[in-house]
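As provided, target04.csv (CSV, N, CA and C atoms) reads as follows.
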```csv
chain,number,residue,atom,x,y,z
A,1,GLN,N,153.0,103.2,106.5
A,1,GLN,CA,152.7,104.2,107.6
A,1,GLN,C,151.4,104.9,107.2
A,2,LEU,N,150.5,105.1,108.2
A,2,LEU,CA,149.3,105.7,107.9
A,2,LEU,C,149.5,107.2,107.8
A,3,GLN,N,148.9,107.8,106.7
A,3,GLN,CA,149.0,109.2,106.6
A,3,GLN,C,147.5,109.8,106.5
A,4,LEU,N,147.3,110.9,107.1
A,4,LEU,CA,146.0,111.5,107.1
A,4,LEU,C,146.0,112.9,106.5
A,5,VAL,N,145.0,113.2,105.7
A,5,VAL,CA,144.9,114.6,105.1
A,5,VAL,C,143.5,115.1,105.3
A,6,GLU,N,143.4,116.2,106.0
A,6,GLU,CA,142.1,116.9,106.2
A,6,GLU,C,141.8,117.8,105.0
A,7,SER,N,140.5,118.0,104.8
A,7,SER,CA,140.1,119.0,103.8
A,7,SER,C,138.7,119.4,104.1
A,8,GLY,N,138.3,120.5,103.5
A,8,GLY,CA,136.9,121.0,103.7
A,8,GLY,C,136.7,122.2,104.6
A,9,GLY,N,137.8,122.7,105.1
A,9,GLY,CA,137.7,123.9,106.0
A,9,GLY,C,137.5,125.1,105.1
A,10,GLY,N,137.2,126.2,105.8
A,10,GLY,CA,137.0,127.5,105.1
A,10,GLY,C,136.4,128.5,106.0
A,11,LEU,N,135.9,129.6,105.4
A,11,LEU,CA,135.2,130.7,106.1
A,11,LEU,C,133.7,130.5,105.9
A,12,VAL,N,133.0,130.6,107.0
A,12,VAL,CA,131.5,130.4,106.9
A,12,VAL,C,130.9,131.4,107.9
A,13,THR,N,129.7,131.9,107.6
A,13,THR,CA,129.0,132.8,108.5
A,13,THR,C,128.3,132.0,109.6
A,14,PRO,N,128.1,132.6,110.7
A,14,PRO,CA,127.4,131.9,111.8
A,14,PRO,C,126.1,131.3,111.4
A,15,GLY,N,125.9,130.1,111.8
A,15,GLY,CA,124.7,129.3,111.4
A,15,GLY,C,124.9,128.5,110.2
A,16,GLY,N,126.1,128.7,109.5
A,16,GLY,CA,126.4,127.9,108.3
A,16,GLY,C,126.9,126.5,108.6
A,17,SER,N,127.2,125.8,107.6
A,17,SER,CA,127.6,124.4,107.7
A,17,SER,C,128.9,124.2,106.9
A,18,LEU,N,129.7,123.2,107.3
A,18,LEU,CA,130.8,122.7,106.6
A,18,LEU,C,130.9,121.2,106.8
A,19,ARG,N,131.5,120.5,105.9
A,19,ARG,CA,131.8,119.1,106.1
A,19,ARG,C,133.3,118.9,105.9
A,20,LEU,N,133.9,118.4,106.9
A,20,LEU,CA,135.4,118.2,106.8
A,20,LEU,C,135.6,116.7,106.5
A,21,SER,N,136.6,116.4,105.7
A,21,SER,CA,137.0,115.1,105.3
A,21,SER,C,138.4,114.8,105.9
A,22,CYS,N,138.6,113.5,106.2
A,22,CYS,CA,139.9,113.0,106.6
A,22,CYS,C,140.2,111.8,105.8
A,23,ALA,N,141.1,112.0,104.8
A,23,ALA,CA,141.4,110.9,103.9
A,23,ALA,C,142.7,110.2,104.3
A,24,ALA,N,142.7,108.9,104.3
A,24,ALA,CA,143.8,108.1,104.7
A,24,ALA,C,144.5,107.5,103.6
A,25,SER,N,145.8,107.3,103.7
A,25,SER,CA,146.6,106.6,102.7
A,25,SER,C,147.7,105.8,103.5
A,26,GLY,N,148.2,104.8,102.8
A,26,GLY,CA,149.3,104.1,103.4
A,26,GLY,C,148.9,102.8,104.1
A,27,ARG,N,147.7,102.9,104.7
A,27,ARG,CA,147.2,101.7,105.4
A,27,ARG,C,145.6,101.8,105.4
A,28,THR,N,145.0,100.7,105.6
A,28,THR,CA,143.5,100.7,105.6
A,28,THR,C,143.0,101.4,106.9
A,29,LEU,N,142.1,102.2,106.7
A,29,LEU,CA,141.6,103.0,107.8
A,29,LEU,C,140.7,102.1,108.7
A,30,LYS,N,140.2,101.0,108.3
A,30,LYS,CA,139.3,100.2,109.0
A,30,LYS,C,139.9,99.6,110.3
A,31,ASN,N,141.2,99.6,110.4
A,31,ASN,CA,141.8,99.1,111.6
A,31,ASN,C,142.0,100.2,112.7
A,32,TYR,N,141.5,101.4,112.4
A,32,TYR,CA,141.7,102.5,113.3
A,32,TYR,C,140.4,103.2,113.7
A,33,ALA,N,140.3,103.6,115.0
A,33,ALA,CA,139.4,104.6,115.4
A,33,ALA,C,139.9,105.9,115.0
A,34,ILE,N,139.0,106.9,114.8
A,34,ILE,CA,139.4,108.2,114.4
A,34,ILE,C,138.8,109.3,115.3
A,35,GLY,N,139.6,110.2,115.6
A,35,GLY,CA,139.2,111.3,116.4
A,35,GLY,C,139.3,112.6,115.6
A,36,TRP,N,138.4,113.5,115.8
A,36,TRP,CA,138.6,114.9,115.3
A,36,TRP,C,138.9,115.8,116.5
A,37,PHE,N,139.8,116.6,116.3
A,37,PHE,CA,140.3,117.6,117.4
A,37,PHE,C,140.3,119.0,116.8
A,38,ARG,N,140.4,119.9,117.6
A,38,ARG,CA,140.5,121.3,117.2
A,38,ARG,C,141.4,122.1,118.1
A,39,GLN,N,142.0,123.1,117.6
A,39,GLN,CA,142.8,124.0,118.4
A,39,GLN,C,142.6,125.4,118.0
A,40,ALA,N,142.1,126.2,118.9
A,40,ALA,CA,142.0,127.6,118.6
A,40,ALA,C,143.2,128.4,119.1
A,41,PRO,N,143.5,129.6,118.6
A,41,PRO,CA,144.7,130.3,119.0
A,41,PRO,C,144.7,130.5,120.5
A,42,GLY,N,145.8,130.2,121.1
A,42,GLY,CA,146.0,130.4,122.6
A,42,GLY,C,145.3,129.3,123.4
A,43,LYS,N,144.7,128.3,122.8
A,43,LYS,CA,144.1,127.3,123.6
A,43,LYS,C,144.7,125.9,123.3
A,44,GLU,N,144.4,125.0,124.2
A,44,GLU,CA,144.9,123.7,124.1
A,44,GLU,C,144.0,122.9,123.0
A,45,ARG,N,144.7,121.9,122.4
A,45,ARG,CA,143.9,121.1,121.5
A,45,ARG,C,142.9,120.3,122.2
A,46,GLU,N,141.7,120.2,121.7
A,46,GLU,CA,140.6,119.5,122.4
A,46,GLU,C,139.9,118.5,121.5
A,47,GLY,N,139.4,117.5,122.1
A,47,GLY,CA,138.7,116.5,121.3
A,47,GLY,C,137.3,117.0,120.9
A,48,VAL,N,136.9,116.8,119.7
A,48,VAL,CA,135.6,117.2,119.2
A,48,VAL,C,134.7,116.0,119.0
A,49,SER,N,135.2,114.9,118.4
A,49,SER,CA,134.4,113.8,118.2
A,49,SER,C,135.3,112.5,118.0
A,50,TYR,N,134.6,111.4,118.1
A,50,TYR,CA,135.3,110.1,118.0
A,50,TYR,C,134.4,109.1,117.3
A,51,ILE,N,135.0,108.3,116.4
A,51,ILE,CA,134.2,107.2,115.8
A,51,ILE,C,135.1,105.9,115.9
A,52,SER,N,134.5,104.8,116.2
A,52,SER,CA,135.2,103.6,116.3
A,52,SER,C,135.5,103.1,114.9
A,53,SER,N,136.3,102.0,114.9
A,53,SER,CA,136.7,101.5,113.6
A,53,SER,C,135.6,101.0,112.7
A,54,SER,N,134.5,100.5,113.3
A,54,SER,CA,133.4,100.0,112.6
A,54,SER,C,132.3,101.1,112.3
A,55,GLY,N,132.5,102.2,113.1
A,55,GLY,CA,131.5,103.3,113.0
A,55,GLY,C,130.3,103.1,113.9
A,56,GLY,N,130.4,102.1,114.7
A,56,GLY,CA,129.2,101.8,115.6
A,56,GLY,C,129.2,102.6,116.9
A,57,ILE,N,130.3,103.2,117.2
A,57,ILE,CA,130.4,103.9,118.5
A,57,ILE,C,130.9,105.3,118.2
A,58,THR,N,130.2,106.3,118.6
A,58,THR,CA,130.6,107.7,118.4
A,58,THR,C,130.5,108.5,119.8
A,59,TYR,N,131.3,109.5,119.9
A,59,TYR,CA,131.3,110.4,121.0
A,59,TYR,C,131.5,111.8,120.5
A,60,TYR,N,130.9,112.7,121.3
A,60,TYR,CA,131.0,114.1,120.9
A,60,TYR,C,131.3,115.0,122.2
A,61,ALA,N,132.0,116.0,122.0
A,61,ALA,CA,132.2,117.0,123.0
A,61,ALA,C,130.8,117.7,123.3
A,62,ASP,N,130.6,118.1,124.5
A,62,ASP,CA,129.3,118.7,124.8
A,62,ASP,C,129.1,120.0,124.0
A,63,SER,N,130.1,120.7,123.7
A,63,SER,CA,130.0,121.9,122.9
A,63,SER,C,129.5,121.7,121.5
A,64,VAL,N,129.6,120.5,121.0
A,64,VAL,CA,129.2,120.3,119.6
A,64,VAL,C,128.1,119.3,119.4
A,65,LYS,N,127.7,118.7,120.5
A,65,LYS,CA,126.7,117.7,120.5
A,65,LYS,C,125.4,118.3,119.9
A,66,GLY,N,124.8,117.5,119.0
A,66,GLY,CA,123.6,118.0,118.3
A,66,GLY,C,123.8,118.8,117.1
A,67,ARG,N,125.1,119.3,116.9
A,67,ARG,CA,125.4,120.1,115.8
A,67,ARG,C,126.4,119.4,114.8
A,68,PHE,N,127.2,118.6,115.4
A,68,PHE,CA,128.2,117.9,114.5
A,68,PHE,C,127.9,116.4,114.4
A,69,THR,N,128.1,115.8,113.3
A,69,THR,CA,127.9,114.4,113.1
A,69,THR,C,129.2,113.8,112.5
A,70,ILE,N,129.7,112.8,113.1
A,70,ILE,CA,130.9,112.1,112.6
A,70,ILE,C,130.4,110.8,111.9
A,71,SER,N,131.1,110.5,110.8
A,71,SER,CA,130.8,109.3,110.0
A,71,SER,C,132.0,108.8,109.3
A,72,ARG,N,132.0,107.6,108.8
A,72,ARG,CA,133.1,107.1,108.1
A,72,ARG,C,132.6,106.2,106.9
A,73,ASP,N,133.5,106.1,105.9
A,73,ASP,CA,133.3,105.3,104.8
A,73,ASP,C,134.6,104.5,104.6
A,74,ASN,N,134.6,103.3,105.2
A,74,ASN,CA,135.9,102.5,105.1
A,74,ASN,C,136.3,102.1,103.7
A,75,ALA,N,135.3,102.0,102.9
A,75,ALA,CA,135.6,101.6,101.5
A,75,ALA,C,136.3,102.7,100.8
A,76,LYS,N,136.1,104.0,101.2
A,76,LYS,CA,136.8,105.1,100.7
A,76,LYS,C,138.0,105.6,101.5
A,77,ASN,N,138.2,104.8,102.6
A,77,ASN,CA,139.3,105.2,103.5
A,77,ASN,C,139.2,106.6,104.0
A,78,THR,N,138.0,107.1,104.3
A,78,THR,CA,137.7,108.5,104.7
A,78,THR,C,136.7,108.6,105.9
A,79,VAL,N,137.0,109.5,106.7
A,79,VAL,CA,136.1,109.9,107.8
A,79,VAL,C,135.7,111.3,107.6
A,80,TYR,N,134.4,111.6,108.0
A,80,TYR,CA,133.9,112.9,107.8
A,80,TYR,C,133.3,113.4,109.2
A,81,VAL,N,133.2,114.8,109.2
A,81,VAL,CA,132.5,115.4,110.3
A,81,VAL,C,131.6,116.5,109.6
A,82,GLN,N,130.3,116.3,109.7
A,82,GLN,CA,129.4,117.3,109.3
A,82,GLN,C,129.2,118.3,110.4
A,83,MET,N,129.4,119.6,110.1
A,83,MET,CA,129.3,120.6,111.1
A,83,MET,C,128.2,121.6,110.7
A,84,ASN,N,127.1,121.6,111.5
A,84,ASN,CA,126.0,122.5,111.3
A,84,ASN,C,125.9,123.5,112.4
A,85,SER,N,125.1,124.5,112.1
A,85,SER,CA,124.8,125.6,113.1
A,85,SER,C,126.1,126.1,113.7
A,86,LEU,N,127.1,126.4,112.8
A,86,LEU,CA,128.4,126.8,113.3
A,86,LEU,C,128.3,128.1,114.0
A,87,LYS,N,129.2,128.2,115.0
A,87,LYS,CA,129.3,129.4,115.9
A,87,LYS,C,130.7,130.0,115.8
A,88,PRO,N,130.8,131.3,116.1
A,88,PRO,CA,132.2,131.8,116.1
A,88,PRO,C,133.2,131.1,117.0
A,89,GLU,N,132.7,130.5,118.1
A,89,GLU,CA,133.6,129.8,119.0
A,89,GLU,C,134.0,128.4,118.4
A,90,ASP,N,133.5,128.0,117.3
A,90,ASP,CA,134.0,126.8,116.6
A,90,ASP,C,135.2,127.1,115.7
A,91,THR,N,135.6,128.4,115.6
A,91,THR,CA,136.8,128.8,114.9
A,91,THR,C,138.0,128.1,115.4
A,92,ALA,N,138.7,127.4,114.6
A,92,ALA,CA,139.9,126.7,115.1
A,92,ALA,C,140.5,126.0,113.9
A,93,VAL,N,141.7,125.4,114.1
A,93,VAL,CA,142.3,124.5,113.2
A,93,VAL,C,141.8,123.1,113.6
A,94,TYR,N,141.2,122.4,112.6
A,94,TYR,CA,140.7,121.0,112.9
A,94,TYR,C,141.6,120.0,112.4
A,95,TYR,N,141.8,119.0,113.3
A,95,TYR,CA,142.7,117.9,112.9
A,95,TYR,C,142.0,116.5,113.1
A,96,CYS,N,142.3,115.6,112.2
A,96,CYS,CA,141.9,114.2,112.5
A,96,CYS,C,143.1,113.4,112.9
A,97,ALA,N,142.9,112.4,113.6
A,97,ALA,CA,144.0,111.6,114.1
A,97,ALA,C,143.5,110.1,114.3
A,98,ALA,N,144.4,109.2,114.2
A,98,ALA,CA,144.1,107.8,114.2
A,98,ALA,C,144.5,107.1,115.5
A,99,ARG,N,143.7,106.3,116.1
A,99,ARG,CA,144.0,105.5,117.3
A,99,ARG,C,143.8,104.0,117.0
A,100,ASP,N,144.9,103.3,117.2
A,100,ASP,CA,144.9,101.9,116.9
A,100,ASP,C,143.8,101.2,117.8
A,101,THR,N,142.9,100.4,117.2
A,101,THR,CA,141.8,99.8,117.9
A,101,THR,C,142.3,98.9,119.0
A,102,GLN,N,143.6,98.4,119.0
A,102,GLN,CA,144.1,97.5,120.0
A,102,GLN,C,144.7,98.3,121.2
A,103,TRP,N,144.7,99.6,121.0
A,103,TRP,CA,145.4,100.4,122.1
A,103,TRP,C,144.4,100.4,123.3
A,104,PRO,N,145.0,100.1,124.5
A,104,PRO,CA,144.1,100.0,125.7
A,104,PRO,C,143.8,101.4,126.2
A,105,GLY,N,143.0,101.5,127.2
A,105,GLY,CA,142.8,102.8,127.9
A,105,GLY,C,141.5,103.5,127.6
A,106,ARG,N,141.4,104.6,128.1
A,106,ARG,CA,140.2,105.4,128.0
A,106,ARG,C,140.0,105.9,126.5
A,107,ILE,N,138.8,105.8,126.1
A,107,ILE,CA,138.5,106.3,124.7
A,107,ILE,C,138.0,107.7,124.7
A,108,TRP,N,137.1,108.0,125.7
A,108,TRP,CA,136.5,109.4,125.7
A,108,TRP,C,136.4,109.8,127.2
A,109,PRO,N,136.7,111.0,127.5
A,109,PRO,CA,137.4,112.0,126.7
A,109,PRO,C,138.7,111.5,126.2
A,110,PRO,N,139.1,111.9,125.0
A,110,PRO,CA,140.3,111.3,124.4
A,110,PRO,C,141.6,111.7,125.1
A,111,VAL,N,142.6,110.8,125.0
A,111,VAL,CA,143.9,111.0,125.5
A,111,VAL,C,144.7,111.3,124.2
A,112,LEU,N,145.2,112.5,124.0
A,112,LEU,CA,145.8,112.8,122.7
A,112,LEU,C,147.0,112.0,122.4
A,113,SER,N,147.8,111.6,123.4
A,113,SER,CA,149.0,110.8,123.2
A,113,SER,C,148.7,109.4,122.7
A,114,ASP,N,147.4,108.9,122.8
A,114,ASP,CA,147.0,107.6,122.2
A,114,ASP,C,146.8,107.7,120.7
A,115,TYR,N,146.8,108.9,120.2
A,115,TYR,CA,146.6,109.0,118.7
A,115,TYR,C,148.0,109.2,118.1
A,116,LYS,N,148.4,108.2,117.3
A,116,LYS,CA,149.8,108.2,116.8
A,116,LYS,C,150.0,108.8,115.4
A,117,SER,N,148.9,108.9,114.7
A,117,SER,CA,149.0,109.5,113.3
A,117,SER,C,148.0,110.7,113.3
A,118,TRP,N,148.6,111.9,112.8
A,118,TRP,CA,147.8,113.1,112.8
A,118,TRP,C,147.9,113.7,111.4
A,119,GLY,N,146.8,114.4,111.0
A,119,GLY,CA,146.9,115.2,109.8
A,119,GLY,C,147.5,116.5,110.0
A,120,GLN,N,147.5,117.3,109.0
A,120,GLN,CA,148.2,118.6,109.1
A,120,GLN,C,147.2,119.7,109.5
A,121,GLY,N,145.9,119.4,109.5
A,121,GLY,CA,144.9,120.4,110.0
A,121,GLY,C,144.3,121.2,108.9
A,122,THR,N,143.1,121.6,109.1
A,122,THR,CA,142.4,122.5,108.2
A,122,THR,C,141.7,123.6,109.0
A,123,GLN,N,141.8,124.8,108.5
A,123,GLN,CA,141.3,125.9,109.2
A,123,GLN,C,139.8,126.1,109.0
A,124,VAL,N,139.1,126.3,110.1
A,124,VAL,CA,137.7,126.6,110.0
A,124,VAL,C,137.5,128.0,110.7
A,125,THR,N,136.9,128.9,110.0
A,125,THR,CA,136.7,130.2,110.5
A,125,THR,C,135.2,130.6,110.4
A,126,VAL,N,134.6,130.9,111.5
A,126,VAL,CA,133.2,131.2,111.6
A,126,VAL,C,133.1,132.7,111.9
A,127,SER,N,132.7,133.5,111.0
A,127,SER,CA,132.6,134.9,111.2
A,127,SER,C,131.7,135.6,110.2
A,128,SER,N,131.0,136.6,110.7
A,128,SER,CA,130.1,137.4,109.8
A,128,SER,C,130.9,138.5,109.1
```
Can the structure from this file be put into structure tokens for me?
Amino acid sequence: QLQLVESGGGLVTPGGSLRLSCAASGRTLKNYAIGWFRQAPGKEREGVSYISSSGGITYYADSVKGRFTISRDNAKNTVYVQMNSLKPEDTAVYYCAARDTQWPGRIWPPVLSDYKSWGQGTQVTVSS
């Protein structure tokens, strides 16, 4: 069974940067596309970014486009999201999740129920 663990969250001032990691165990990550999601208090979970299993296809939410960069290292079984120019509205719990590459249907905007394995989340707080 695929297990995902996020790390790298924390408190950062506006304009700062963080890099989140999503480490996989149990199965090889190369068979899965990965999505990053976030959920702020009182709001629905939303898709932030997506990367295909090979890394060749990426998508971003309009709110983070140009500031966030998703990448993956299949040899390390890890996916990353580099977050620059952070804003207070980026404050949320960030989750990574895996989508089987064989799963049909729309890739972006993401359908949360298509993601079968989720990490526990890591808190990102952007505040002065």
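For Arg27 (chain A), the list of residues within 6 Å, based on only N, CA and C atoms and with local chain neighbours fewer than 4 positions off taken out, reads Gln1, Leu2 and Gln3 of chain A.
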Can you tell me how far CA of Ser117 (chain A) sits from CA of Trp36 (chain A), in Å to one decimal?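 Result for CA of Ser117 (chain A) versus CA of Trp36 (chain A): 11.9 Å, one decimal.
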So that I can check the surroundings of region 38-40 of chain A, please list as a VMD selection string every protein, DNA and RNA residue that reaches within 6 Å of it, counting only C-alpha atoms and ignoring chain neighbours fewer than 6 positions away. chain A and resid 46 92 to 95
Applying 12 Å and only C-alpha atoms, which residues near Gly66 (chain A) remain after dropping the ones on its own chain fewer than 3 positions away? List them as a list in words. Ser49, Tyr59, Tyr60, Ala61, Asp62, Ser63, Thr69, Ile70, Gln82, Met83, Asn84, Ser85 and Leu86 of chain A
Just give me the gap between CA of Asn74 (chain A) and CA of Arg19 (chain A) in Å, one decimal is fine. 17.1 Å
Of A:Pro14, A:Gly9, A:Gly35, A:Gly26, the one sitting nearest Ile107 (chain A) when using only C-alpha atoms is A:Gly35
Run DSSP on the backbone and grab whatever in chain A lands in strand (DSSP E); send it over as JSON, numbers by chain. {"A": [3, 4, 5, 6, 7, 10, 11, 12, 18, 19, 20, 21, 22, 23, 24, 25, 32, 33, 34, 35, 36, 37, 38, 39, 46, 47, 48, 49, 50, 51, 58, 59, 60, 68, 69, 70, 71, 72, 73, 78, 79, 80, 81, 82, 83, 92, 93, 94, 95, 96, 97, 98, 99, 100, 117, 118, 122, 123, 124, 125, 126]}
For region 40-51 of chain A, I'd like the enclosing box, axis-aligned and padded by 6 Å on every side, reported as lines of an AutoDock Vina configuration file with centre and edge lengths in Å to one decimal.
```
center_x = 140.1
center_y = 118.2
center_z = 120.0
size_x = 23.8
size_y = 36.6
size_z = 20.4
```
Calculate how many Å separate atom N of Gln120 (chain A) from CA of Lys76 (chain A), rounding to one decimal. 18.2 Å
Around the point (131.4, 120.0, 102.6) in the file's coordinates, collect all residues with an atom within 12 Å, using only C-alpha atoms, and return them as a list in words.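 Every polymer residue passing the test: Glu6, Ser7, Gly8, Gly9, Gly10, Leu11, Val12, Gly16, Ser17, Leu18, Arg19, Leu20, Ser21, Cys22, Tyr80, Val81, Gln82, Met83, Asn84 and Val124 of chain A.
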Between A:Trp103, A:Thr91, A:Ile51, A:Trp108, which residue has the minimum interatomic distance to Val126 (chain A), considering only C-alpha atoms?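 Nearest to Val126 (chain A): A:Thr91.
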Nearest residue to Gly15 (chain A) out of A:Lys30, A:Lys65, A:Lys43, A:Lys87, using only N, CA and C atoms?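 That would be A:Lys87, the residue with the smallest distance to Gly15 (chain A).
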